[in-house]
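Engineer: Dropping the structure in here first, questions after.
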Amino acid sequence: MQDAADAANECGAPVGGVVICAGSNYPSPGIRYAVTSSLTLTLDNPALVAVKATTGQGAVFVSGSSINDIVINALLFQSVQTSGTLSNGIGAVNSGTAGNTIIRMDNGTVTASGSSPFPGALLSSITNATNTGNALITLNGGQASNTGGGQGVSAQNSGMGNATVAMTGGSVSSATGTAMRAIVDNAASSGTASVAISGGTVRTASGTGVLSQSELGSAASL
């Protein structure tokens, strides 16, 4: 589902591990990077629109396979839209043995409408069972919604670290999936899953509102 060979560096080659997306129009398949070192990608144009209409990955998507952090800062943008099956809105995925996946969203609108139950409007995910890093999402503003079958905001750690979602503002919604979740799904991990909400709104039409779950560690929704 996450095809590294499909990455196309739509905002130019990284310089010192940094990419700034300052354009206004990123048509399908959107913005995609596959890296073997650290990368911080920043959305930095209030008129920016990114779209993904095909299966897999996401409209803004960074995949990594090293021991370094993957960071997506959605600071200034208008909208990120995905309608493809198994396609996330904004996704950071690390398959390496270390390194965090971090998403920060301050404004704008992210909408996912694919039919699959798995992807999210925002997805921060660690997939390597031995990875010691953390999957983190901070939502300070804007709107993240999934009108299809998937999640709204999802921090998922299949490694040994933590999964954390922190919300200070904005809104999150889902149609049938979980609106906001943090999950540690490695049976060998004692990592903590936590959701902390100090502002904003979370709602779902017929799914679960907020979920935190860990196989061996603690889980908390505050």
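Ordered as shown in the structure tokens, chains take letters A, B, and onward, while each chain numbers its residues from 1 and ligands are numbered from 1 in the order shown.
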Give me, as a PyMOL selection string, all polymer residues having an atom no more than 6 Å from region 40-52 of chain A, counting only C-alpha atoms and skipping those fewer than 6 positions away in the same chain.

Structural biologist: chain A and resi 18-22+24-30+59+71-82

Engineer: Keeping only N, CA and C atoms, write the selected residues to a file as a short mmCIF file (atom, residue, chain, number, x, y, z; two decimals), in the first residue's frame.

Structural biologist:
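Ended up saving to part-v1.cif:
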data_model
loop_
_atom_site.label_atom_id
_atom_site.label_comp_id
_atom_site.auth_asym_id
_atom_site.auth_seq_id
_atom_site.Cartn_x
_atom_site.Cartn_y
_atom_site.Cartn_z
N VAL A 18 15.61 18.89 4.71
CA VAL A 18 14.45 19.79 4.81
C VAL A 18 13.84 20.00 3.43
N VAL A 19 12.51 19.99 3.38
CA VAL A 19 11.76 20.30 2.16
C VAL A 19 10.67 21.30 2.51
N ILE A 20 10.57 22.38 1.74
CA ILE A 20 9.50 23.36 1.91
C ILE A 20 8.59 23.28 0.69
N CYS A 21 7.32 23.00 0.92
CA CYS A 21 6.34 22.98 -0.17
C CYS A 21 5.61 24.32 -0.17
N ALA A 22 6.00 25.19 -1.13
CA ALA A 22 5.45 26.54 -1.17
C ALA A 22 4.62 26.80 -2.41
N SER A 24 1.21 26.14 -4.96
CA SER A 24 -0.22 26.22 -4.65
C SER A 24 -1.01 25.02 -5.17
N ASN A 25 -0.47 24.29 -6.15
CA ASN A 25 -1.26 23.23 -6.78
C ASN A 25 -0.43 21.96 -6.92
N TYR A 26 -0.85 20.91 -6.20
CA TYR A 26 -0.21 19.60 -6.29
C TYR A 26 -1.29 18.58 -6.63
N PRO A 27 -1.59 18.42 -7.93
CA PRO A 27 -2.66 17.49 -8.33
C PRO A 27 -2.27 16.05 -8.06
N SER A 28 -3.25 15.15 -8.17
CA SER A 28 -3.03 13.73 -7.90
C SER A 28 -1.84 13.22 -8.72
N PRO A 29 -0.90 12.55 -8.10
CA PRO A 29 -0.96 11.88 -6.80
C PRO A 29 -0.48 12.69 -5.60
N GLY A 30 -0.39 14.01 -5.68
CA GLY A 30 -0.07 14.81 -4.52
C GLY A 30 1.42 14.97 -4.29
N ALA A 59 -2.15 12.02 0.04
CA ALA A 59 -2.01 13.27 -0.72
C ALA A 59 -0.74 14.01 -0.32
N VAL A 71 9.24 14.05 9.80
CA VAL A 71 8.42 15.12 10.36
C VAL A 71 7.64 15.80 9.23
N ILE A 72 6.35 15.96 9.43
CA ILE A 72 5.52 16.75 8.51
C ILE A 72 4.89 17.88 9.31
N ASN A 73 5.22 19.12 8.92
CA ASN A 73 4.65 20.31 9.55
C ASN A 73 3.63 20.92 8.59
N ALA A 74 2.36 20.71 8.86
CA ALA A 74 1.29 21.28 8.04
C ALA A 74 0.91 22.63 8.65
N LEU A 75 1.72 23.64 8.35
CA LEU A 75 1.59 24.93 9.01
C LEU A 75 0.69 25.89 8.25
N LEU A 76 0.89 25.99 6.93
CA LEU A 76 0.09 26.88 6.09
C LEU A 76 -0.34 26.13 4.84
N PHE A 77 -1.63 25.88 4.69
CA PHE A 77 -2.17 25.26 3.49
C PHE A 77 -3.67 25.45 3.47
N GLN A 78 -4.25 25.28 2.29
CA GLN A 78 -5.70 25.40 2.16
C GLN A 78 -6.39 24.07 2.36
N SER A 79 -6.03 23.07 1.54
CA SER A 79 -6.70 21.78 1.67
C SER A 79 -5.83 20.64 1.16
N VAL A 80 -6.02 19.49 1.80
CA VAL A 80 -5.42 18.22 1.39
C VAL A 80 -6.58 17.24 1.26
N GLN A 81 -6.71 16.62 0.08
CA GLN A 81 -7.87 15.79 -0.19
C GLN A 81 -7.43 14.45 -0.78
N THR A 82 -8.00 13.37 -0.27
CA THR A 82 -7.74 12.06 -0.85
C THR A 82 -9.04 11.27 -0.94
#

Engineer: Need to verify the contact set: Ile31 (chain A), 8 Å, only C-alpha atoms, exclusion of same-chain residues closer than 3 positions in sequence. Can you return it as a list in words?

Structural biologist: Ala8, Asn9, Glu10, Cys11, Tyr26, Ala50, Gly58, Ala59, Val60 and Phe61 of chain A

Engineer: Can I get the selection written as an mmCIF file, in the first residue's frame, with N, CA and C atoms?

Structural biologist:
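Writing the result to selection_39.cif gives the following:
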data_model
loop_
_atom_site.group_PDB
_atom_site.id
_atom_site.type_symbol
_atom_site.label_atom_id
_atom_site.label_comp_id
_atom_site.auth_asym_id
_atom_site.auth_seq_id
_atom_site.Cartn_x
_atom_site.Cartn_y
_atom_site.Cartn_z
ATOM 1 N N ALA A 8 7.988 10.957 -5.763
ATOM 2 C CA ALA A 8 8.435 11.784 -6.878
ATOM 3 C C ALA A 8 9.005 13.134 -6.463
ATOM 4 N N ASN A 9 9.124 13.422 -5.168
ATOM 5 C CA ASN A 9 9.777 14.657 -4.710
ATOM 6 C C ASN A 9 9.166 15.907 -5.354
ATOM 7 N N GLU A 10 7.870 16.053 -5.236
ATOM 8 C CA GLU A 10 7.164 17.133 -5.931
ATOM 9 C C GLU A 10 7.574 18.532 -5.493
ATOM 10 N N CYS A 11 8.143 18.686 -4.315
ATOM 11 C CA CYS A 11 8.564 20.009 -3.838
ATOM 12 C C CYS A 11 10.066 20.223 -3.992
ATOM 13 N N TYR A 26 -0.853 20.915 -6.205
ATOM 14 C CA TYR A 26 -0.212 19.603 -6.290
ATOM 15 C C TYR A 26 -1.291 18.575 -6.631
ATOM 16 N N ALA A 50 -3.390 19.970 -2.205
ATOM 17 C CA ALA A 50 -2.800 18.693 -2.620
ATOM 18 C C ALA A 50 -3.903 17.652 -2.714
ATOM 19 N N GLY A 58 -0.752 8.663 0.176
ATOM 20 C CA GLY A 58 -1.544 9.771 0.667
ATOM 21 C C GLY A 58 -1.322 11.003 -0.178
ATOM 22 N N ALA A 59 -2.149 12.024 0.035
ATOM 23 C CA ALA A 59 -2.011 13.268 -0.717
ATOM 24 C C ALA A 59 -0.741 14.010 -0.322
ATOM 25 N N VAL A 60 -0.363 13.938 0.954
ATOM 26 C CA VAL A 60 0.946 14.405 1.435
ATOM 27 C C VAL A 60 1.523 13.238 2.215
ATOM 28 N N PHE A 61 2.575 12.612 1.687
ATOM 29 C CA PHE A 61 3.011 11.337 2.246
ATOM 30 C C PHE A 61 4.528 11.228 2.236
#

Engineer: Record the distance separating CA of Leu136 (chain A) and CA of Gln213 (chain A), expressed in Å with one decimal.

Structural biologist: 14.5 Å

Engineer: Counting only C-alpha atoms, figure out which residue out of A:Ala219, A:Ala163, A:Ala112, A:Ala196 gets nearest to Leu86 (chain A).

Structural biologist: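 Checking each of A:Ala219, A:Ala163, A:Ala112, A:Ala196 against Leu86 (chain A), counting only C-alpha atoms, the winner is A:Ala112.
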
Engineer: Among region 87-212 of chain A, which ones does DSSP place in strand (DSSP E), written as a PDB file with N, CA and C atoms, in the first residue's frame?

Structural biologist:
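Just written: result_24.pdb:
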ATOM      1  N   ASN A  88      -4.190   7.917   2.631  1.00  0.00           N
ATOM      2  CA  ASN A  88      -4.282   8.861   3.737  1.00  0.00           C
ATOM      3  C   ASN A  88      -4.286  10.300   3.222  1.00  0.00           C
ATOM      4  N   GLY A  89      -4.767  11.196   4.071  1.00  0.00           N
ATOM      5  CA  GLY A  89      -4.654  12.608   3.748  1.00  0.00           C
ATOM      6  C   GLY A  89      -3.211  13.053   3.890  1.00  0.00           C
ATOM      7  N   ILE A  90      -2.729  13.145   5.134  1.00  0.00           N
ATOM      8  CA  ILE A  90      -1.331  13.415   5.444  1.00  0.00           C
ATOM      9  C   ILE A  90      -0.792  12.206   6.186  1.00  0.00           C
ATOM     10  N   GLY A  91       0.293  11.613   5.669  1.00  0.00           N
ATOM     11  CA  GLY A  91       0.827  10.403   6.282  1.00  0.00           C
ATOM     12  C   GLY A  91       2.329  10.433   6.429  1.00  0.00           C
ATOM     13  N   ALA A  92       2.810  10.027   7.608  1.00  0.00           N
ATOM     14  CA  ALA A  92       4.238   9.838   7.874  1.00  0.00           C
ATOM     15  C   ALA A  92       4.416   8.408   8.353  1.00  0.00           C
ATOM     16  N   VAL A  93       5.196   7.611   7.616  1.00  0.00           N
ATOM     17  CA  VAL A  93       5.355   6.189   7.923  1.00  0.00           C
ATOM     18  C   VAL A  93       6.836   5.837   7.954  1.00  0.00           C
ATOM     19  N   ASN A  94       7.271   5.199   9.029  1.00  0.00           N
ATOM     20  CA  ASN A  94       8.674   4.797   9.187  1.00  0.00           C
ATOM     21  C   ASN A  94       8.756   3.282   9.333  1.00  0.00           C
ATOM     22  N   THR A 101       7.973   9.286  14.005  1.00  0.00           N
ATOM     23  CA  THR A 101       7.121   9.873  12.970  1.00  0.00           C
ATOM     24  C   THR A 101       6.286  10.955  13.639  1.00  0.00           C
ATOM     25  N   ILE A 102       6.350  12.168  13.096  1.00  0.00           N
ATOM     26  CA  ILE A 102       5.757  13.330  13.755  1.00  0.00           C
ATOM     27  C   ILE A 102       4.944  14.130  12.748  1.00  0.00           C
ATOM     28  N   ILE A 103       3.697  14.412  13.083  1.00  0.00           N
ATOM     29  CA  ILE A 103       2.860  15.289  12.269  1.00  0.00           C
ATOM     30  C   ILE A 103       2.340  16.413  13.153  1.00  0.00           C
ATOM     31  N   ARG A 104       2.485  17.639  12.648  1.00  0.00           N
ATOM     32  CA  ARG A 104       1.900  18.807  13.312  1.00  0.00           C
ATOM     33  C   ARG A 104       0.989  19.509  12.312  1.00  0.00           C
ATOM     34  N   MET A 105      -0.226  19.801  12.736  1.00  0.00           N
ATOM     35  CA  MET A 105      -1.181  20.509  11.879  1.00  0.00           C
ATOM     36  C   MET A 105      -1.693  21.733  12.615  1.00  0.00           C
ATOM     37  N   THR A 109      -7.576  22.311   5.881  1.00  0.00           N
ATOM     38  CA  THR A 109      -8.570  21.244   5.892  1.00  0.00           C
ATOM     39  C   THR A 109      -7.994  19.991   5.253  1.00  0.00           C
ATOM     40  N   VAL A 110      -8.104  18.868   5.956  1.00  0.00           N
ATOM     41  CA  VAL A 110      -7.674  17.577   5.426  1.00  0.00           C
ATOM     42  C   VAL A 110      -8.892  16.665   5.385  1.00  0.00           C
ATOM     43  N   THR A 111      -9.183  16.123   4.204  1.00  0.00           N
ATOM     44  CA  THR A 111     -10.356  15.268   4.033  1.00  0.00           C
ATOM     45  C   THR A 111      -9.969  13.968   3.350  1.00  0.00           C
ATOM     46  N   ALA A 112     -10.310  12.844   3.969  1.00  0.00           N
ATOM     47  CA  ALA A 112     -10.139  11.522   3.366  1.00  0.00           C
ATOM     48  C   ALA A 112     -11.521  10.926   3.151  1.00  0.00           C
ATOM     49  N   GLY A 120      -6.220   7.147   7.448  1.00  0.00           N
ATOM     50  CA  GLY A 120      -6.755   8.258   8.201  1.00  0.00           C
ATOM     51  C   GLY A 120      -6.580   9.572   7.472  1.00  0.00           C
ATOM     52  N   ALA A 121      -7.304  10.588   7.921  1.00  0.00           N
ATOM     53  CA  ALA A 121      -7.041  11.930   7.432  1.00  0.00           C
ATOM     54  C   ALA A 121      -5.617  12.325   7.807  1.00  0.00           C
ATOM     55  N   LEU A 122      -5.209  12.004   9.049  1.00  0.00           N
ATOM     56  CA  LEU A 122      -3.825  12.146   9.496  1.00  0.00           C
ATOM     57  C   LEU A 122      -3.356  10.795  10.010  1.00  0.00           C
ATOM     58  N   LEU A 123      -2.208  10.315   9.522  1.00  0.00           N
ATOM     59  CA  LEU A 123      -1.652   9.048   9.982  1.00  0.00           C
ATOM     60  C   LEU A 123      -0.171   9.203  10.280  1.00  0.00           C
ATOM     61  N   SER A 124       0.198   8.933  11.531  1.00  0.00           N
ATOM     62  CA  SER A 124       1.599   8.850  11.944  1.00  0.00           C
ATOM     63  C   SER A 124       1.837   7.411  12.366  1.00  0.00           C
ATOM     64  N   SER A 125       2.738   6.699  11.645  1.00  0.00           N
ATOM     65  CA  SER A 125       2.814   5.256  11.828  1.00  0.00           C
ATOM     66  C   SER A 125       4.244   4.741  11.819  1.00  0.00           C
ATOM     67  N   ILE A 126       4.537   3.855  12.757  1.00  0.00           N
ATOM     68  CA  ILE A 126       5.787   3.101  12.795  1.00  0.00           C
ATOM     69  C   ILE A 126       5.435   1.641  12.555  1.00  0.00           C
ATOM     70  N   ALA A 135       5.337   7.414  17.620  1.00  0.00           N
ATOM     71  CA  ALA A 135       4.429   7.951  16.610  1.00  0.00           C
ATOM     72  C   ALA A 135       3.628   9.075  17.254  1.00  0.00           C
ATOM     73  N   LEU A 136       3.768  10.294  16.718  1.00  0.00           N
ATOM     74  CA  LEU A 136       3.222  11.478  17.372  1.00  0.00           C
ATOM     75  C   LEU A 136       2.386  12.308  16.402  1.00  0.00           C
ATOM     76  N   ILE A 137       1.279  12.852  16.900  1.00  0.00           N
ATOM     77  CA  ILE A 137       0.481  13.822  16.150  1.00  0.00           C
ATOM     78  C   ILE A 137       0.086  14.947  17.094  1.00  0.00           C
ATOM     79  N   THR A 138       0.307  16.193  16.647  1.00  0.00           N
ATOM     80  CA  THR A 138      -0.160  17.363  17.383  1.00  0.00           C
ATOM     81  C   THR A 138      -1.089  18.159  16.481  1.00  0.00           C
ATOM     82  N   LEU A 139      -2.304  18.392  16.946  1.00  0.00           N
ATOM     83  CA  LEU A 139      -3.298  19.147  16.183  1.00  0.00           C
ATOM     84  C   LEU A 139      -3.605  20.435  16.935  1.00  0.00           C
ATOM     85  N   GLN A 143      -9.123  21.491  10.272  1.00  0.00           N
ATOM     86  CA  GLN A 143     -10.139  20.444  10.268  1.00  0.00           C
ATOM     87  C   GLN A 143      -9.582  19.183   9.623  1.00  0.00           C
ATOM     88  N   ALA A 144      -9.687  18.070  10.324  1.00  0.00           N
ATOM     89  CA  ALA A 144      -9.276  16.765   9.803  1.00  0.00           C
ATOM     90  C   ALA A 144     -10.489  15.849   9.835  1.00  0.00           C
ATOM     91  N   SER A 145     -10.916  15.362   8.679  1.00  0.00           N
ATOM     92  CA  SER A 145     -12.131  14.549   8.644  1.00  0.00           C
ATOM     93  C   SER A 145     -11.968  13.373   7.697  1.00  0.00           C
ATOM     94  N   ASN A 146     -12.644  12.285   8.038  1.00  0.00           N
ATOM     95  CA  ASN A 146     -12.717  11.110   7.175  1.00  0.00           C
ATOM     96  C   ASN A 146     -14.186  10.820   6.922  1.00  0.00           C
ATOM     97  N   GLN A 151     -10.140   6.200   9.637  1.00  0.00           N
ATOM     98  CA  GLN A 151      -9.965   6.966  10.860  1.00  0.00           C
ATOM     99  C   GLN A 151      -9.886   8.465  10.548  1.00  0.00           C
ATOM    100  N   GLY A 152     -10.133   9.261  11.580  1.00  0.00           N
ATOM    101  CA  GLY A 152      -9.889  10.692  11.451  1.00  0.00           C
ATOM    102  C   GLY A 152      -8.413  10.985  11.647  1.00  0.00           C
ATOM    103  N   VAL A 153      -7.945  10.889  12.888  1.00  0.00           N
ATOM    104  CA  VAL A 153      -6.542  11.110  13.254  1.00  0.00           C
ATOM    105  C   VAL A 153      -6.038   9.850  13.935  1.00  0.00           C
ATOM    106  N   SER A 154      -4.904   9.303  13.458  1.00  0.00           N
ATOM    107  CA  SER A 154      -4.430   8.026  13.981  1.00  0.00           C
ATOM    108  C   SER A 154      -2.922   8.030  14.158  1.00  0.00           C
ATOM    109  N   ALA A 155      -2.471   7.802  15.399  1.00  0.00           N
ATOM    110  CA  ALA A 155      -1.062   7.539  15.697  1.00  0.00           C
ATOM    111  C   ALA A 155      -0.954   6.058  16.009  1.00  0.00           C
ATOM    112  N   GLN A 156      -0.206   5.330  15.190  1.00  0.00           N
ATOM    113  CA  GLN A 156      -0.140   3.876  15.321  1.00  0.00           C
ATOM    114  C   GLN A 156       1.313   3.430  15.396  1.00  0.00           C
ATOM    115  N   ASN A 157       1.634   2.667  16.428  1.00  0.00           N
ATOM    116  CA  ASN A 157       3.003   2.193  16.622  1.00  0.00           C
ATOM    117  C   ASN A 157       3.005   0.672  16.702  1.00  0.00           C
ATOM    118  N   ALA A 163       2.635   5.791  21.206  1.00  0.00           N
ATOM    119  CA  ALA A 163       1.752   6.429  20.224  1.00  0.00           C
ATOM    120  C   ALA A 163       0.993   7.533  20.948  1.00  0.00           C
ATOM    121  N   THR A 164       1.101   8.771  20.439  1.00  0.00           N
ATOM    122  CA  THR A 164       0.548   9.914  21.154  1.00  0.00           C
ATOM    123  C   THR A 164      -0.176  10.854  20.206  1.00  0.00           C
ATOM    124  N   VAL A 165      -1.378  11.269  20.599  1.00  0.00           N
ATOM    125  CA  VAL A 165      -2.105  12.325  19.906  1.00  0.00           C
ATOM    126  C   VAL A 165      -2.393  13.421  20.917  1.00  0.00           C
ATOM    127  N   ALA A 166      -2.021  14.668  20.575  1.00  0.00           N
ATOM    128  CA  ALA A 166      -2.298  15.821  21.429  1.00  0.00           C
ATOM    129  C   ALA A 166      -3.077  16.843  20.611  1.00  0.00           C
ATOM    130  N   MET A 167      -4.206  17.279  21.137  1.00  0.00           N
ATOM    131  CA  MET A 167      -5.068  18.220  20.422  1.00  0.00           C
ATOM    132  C   MET A 167      -5.302  19.451  21.279  1.00  0.00           C
ATOM    133  N   SER A 171     -10.752  20.736  14.680  1.00  0.00           N
ATOM    134  CA  SER A 171     -11.827  19.748  14.751  1.00  0.00           C
ATOM    135  C   SER A 171     -11.419  18.474  14.029  1.00  0.00           C
ATOM    136  N   VAL A 172     -11.909  17.347  14.546  1.00  0.00           N
ATOM    137  CA  VAL A 172     -11.649  16.028  13.980  1.00  0.00           C
ATOM    138  C   VAL A 172     -12.979  15.293  13.887  1.00  0.00           C
ATOM    139  N   SER A 173     -13.217  14.626  12.760  1.00  0.00           N
ATOM    140  CA  SER A 173     -14.476  13.894  12.623  1.00  0.00           C
ATOM    141  C   SER A 173     -14.281  12.662  11.754  1.00  0.00           C
ATOM    142  N   SER A 174     -15.170  11.689  11.956  1.00  0.00           N
ATOM    143  CA  SER A 174     -15.187  10.478  11.142  1.00  0.00           C
ATOM    144  C   SER A 174     -16.627  10.084  10.876  1.00  0.00           C
ATOM    145  N   MET A 180     -10.493   9.723  16.546  1.00  0.00           N
ATOM    146  CA  MET A 180      -9.142  10.011  17.027  1.00  0.00           C
ATOM    147  C   MET A 180      -8.635   8.819  17.810  1.00  0.00           C
ATOM    148  N   ARG A 181      -7.447   8.321  17.440  1.00  0.00           N
ATOM    149  CA  ARG A 181      -6.959   7.150  18.148  1.00  0.00           C
ATOM    150  C   ARG A 181      -5.438   7.158  18.262  1.00  0.00           C
ATOM    151  N   ALA A 182      -4.964   6.537  19.339  1.00  0.00           N
ATOM    152  CA  ALA A 182      -3.548   6.228  19.540  1.00  0.00           C
ATOM    153  C   ALA A 182      -3.484   4.754  19.888  1.00  0.00           C
ATOM    154  N   ILE A 183      -2.659   4.000  19.153  1.00  0.00           N
ATOM    155  CA  ILE A 183      -2.636   2.558  19.359  1.00  0.00           C
ATOM    156  C   ILE A 183      -1.214   2.023  19.265  1.00  0.00           C
ATOM    157  N   VAL A 184      -0.862   1.187  20.233  1.00  0.00           N
ATOM    158  CA  VAL A 184       0.382   0.425  20.203  1.00  0.00           C
ATOM    159  C   VAL A 184      -0.030  -1.027  20.026  1.00  0.00           C
ATOM    160  N   ALA A 193       0.049   4.302  24.907  1.00  0.00           N
ATOM    161  CA  ALA A 193      -0.851   4.926  23.940  1.00  0.00           C
ATOM    162  C   ALA A 193      -1.653   6.000  24.661  1.00  0.00           C
ATOM    163  N   SER A 194      -1.613   7.233  24.155  1.00  0.00           N
ATOM    164  CA  SER A 194      -2.309   8.308  24.865  1.00  0.00           C
ATOM    165  C   SER A 194      -2.909   9.319  23.902  1.00  0.00           C
ATOM    166  N   VAL A 195      -4.083   9.809  24.276  1.00  0.00           N
ATOM    167  CA  VAL A 195      -4.759  10.891  23.575  1.00  0.00           C
ATOM    168  C   VAL A 195      -5.050  11.973  24.599  1.00  0.00           C
ATOM    169  N   ALA A 196      -4.575  13.196  24.344  1.00  0.00           N
ATOM    170  CA  ALA A 196      -4.794  14.319  25.256  1.00  0.00           C
ATOM    171  C   ALA A 196      -5.476  15.443  24.489  1.00  0.00           C
ATOM    172  N   ILE A 197      -6.642  15.863  24.961  1.00  0.00           N
ATOM    173  CA  ILE A 197      -7.424  16.899  24.288  1.00  0.00           C
ATOM    174  C   ILE A 197      -7.624  18.063  25.252  1.00  0.00           C
ATOM    175  N   THR A 201     -12.748  20.154  18.914  1.00  0.00           N
ATOM    176  CA  THR A 201     -13.893  19.249  18.957  1.00  0.00           C
ATOM    177  C   THR A 201     -13.576  17.942  18.238  1.00  0.00           C
ATOM    178  N   VAL A 202     -14.143  16.853  18.759  1.00  0.00           N
ATOM    179  CA  VAL A 202     -14.006  15.523  18.162  1.00  0.00           C
ATOM    180  C   VAL A 202     -15.403  14.926  18.053  1.00  0.00           C
ATOM    181  N   ARG A 203     -15.749  14.438  16.876  1.00  0.00           N
ATOM    182  CA  ARG A 203     -17.090  13.864  16.717  1.00  0.00           C
ATOM    183  C   ARG A 203     -17.057  12.749  15.680  1.00  0.00           C
ATOM    184  N   THR A 204     -18.018  11.843  15.787  1.00  0.00           N
ATOM    185  CA  THR A 204     -18.165  10.766  14.813  1.00  0.00           C
ATOM    186  C   THR A 204     -19.637  10.515  14.567  1.00  0.00           C
ATOM    187  N   VAL A 210     -13.051   8.547  20.582  1.00  0.00           N
ATOM    188  CA  VAL A 210     -11.635   8.572  20.962  1.00  0.00           C
ATOM    189  C   VAL A 210     -11.250   7.197  21.472  1.00  0.00           C
ATOM    190  N   LEU A 211     -10.089   6.691  21.004  1.00  0.00           N
ATOM    191  CA  LEU A 211      -9.618   5.376  21.416  1.00  0.00           C
ATOM    192  C   LEU A 211      -8.126   5.428  21.683  1.00  0.00           C
ATOM    193  N   SER A 212      -7.709   4.909  22.831  1.00  0.00           N
ATOM    194  CA  SER A 212      -6.287   4.676  23.104  1.00  0.00           C
ATOM    195  C   SER A 212      -6.146   3.231  23.554  1.00  0.00           C
TER     196      SER A 212
END

Engineer: Which residue, A:Asn140, A:Ser221, A:Ser95, A:Ser66, has the smallest gap to Gly108 (chain A) when you use only C-alpha atoms?

Structural biologist: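 Comparing A:Asn140, A:Ser221, A:Ser95, A:Ser66 against Gly108 (chain A), the winner is A:Asn140.
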
Engineer: What is the CA of Ser189 (chain A)-CA of Met160 (chain A) distance in Å, reported with one decimal?

Structural biologist: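 These two atoms are separated by 4.8 Å.
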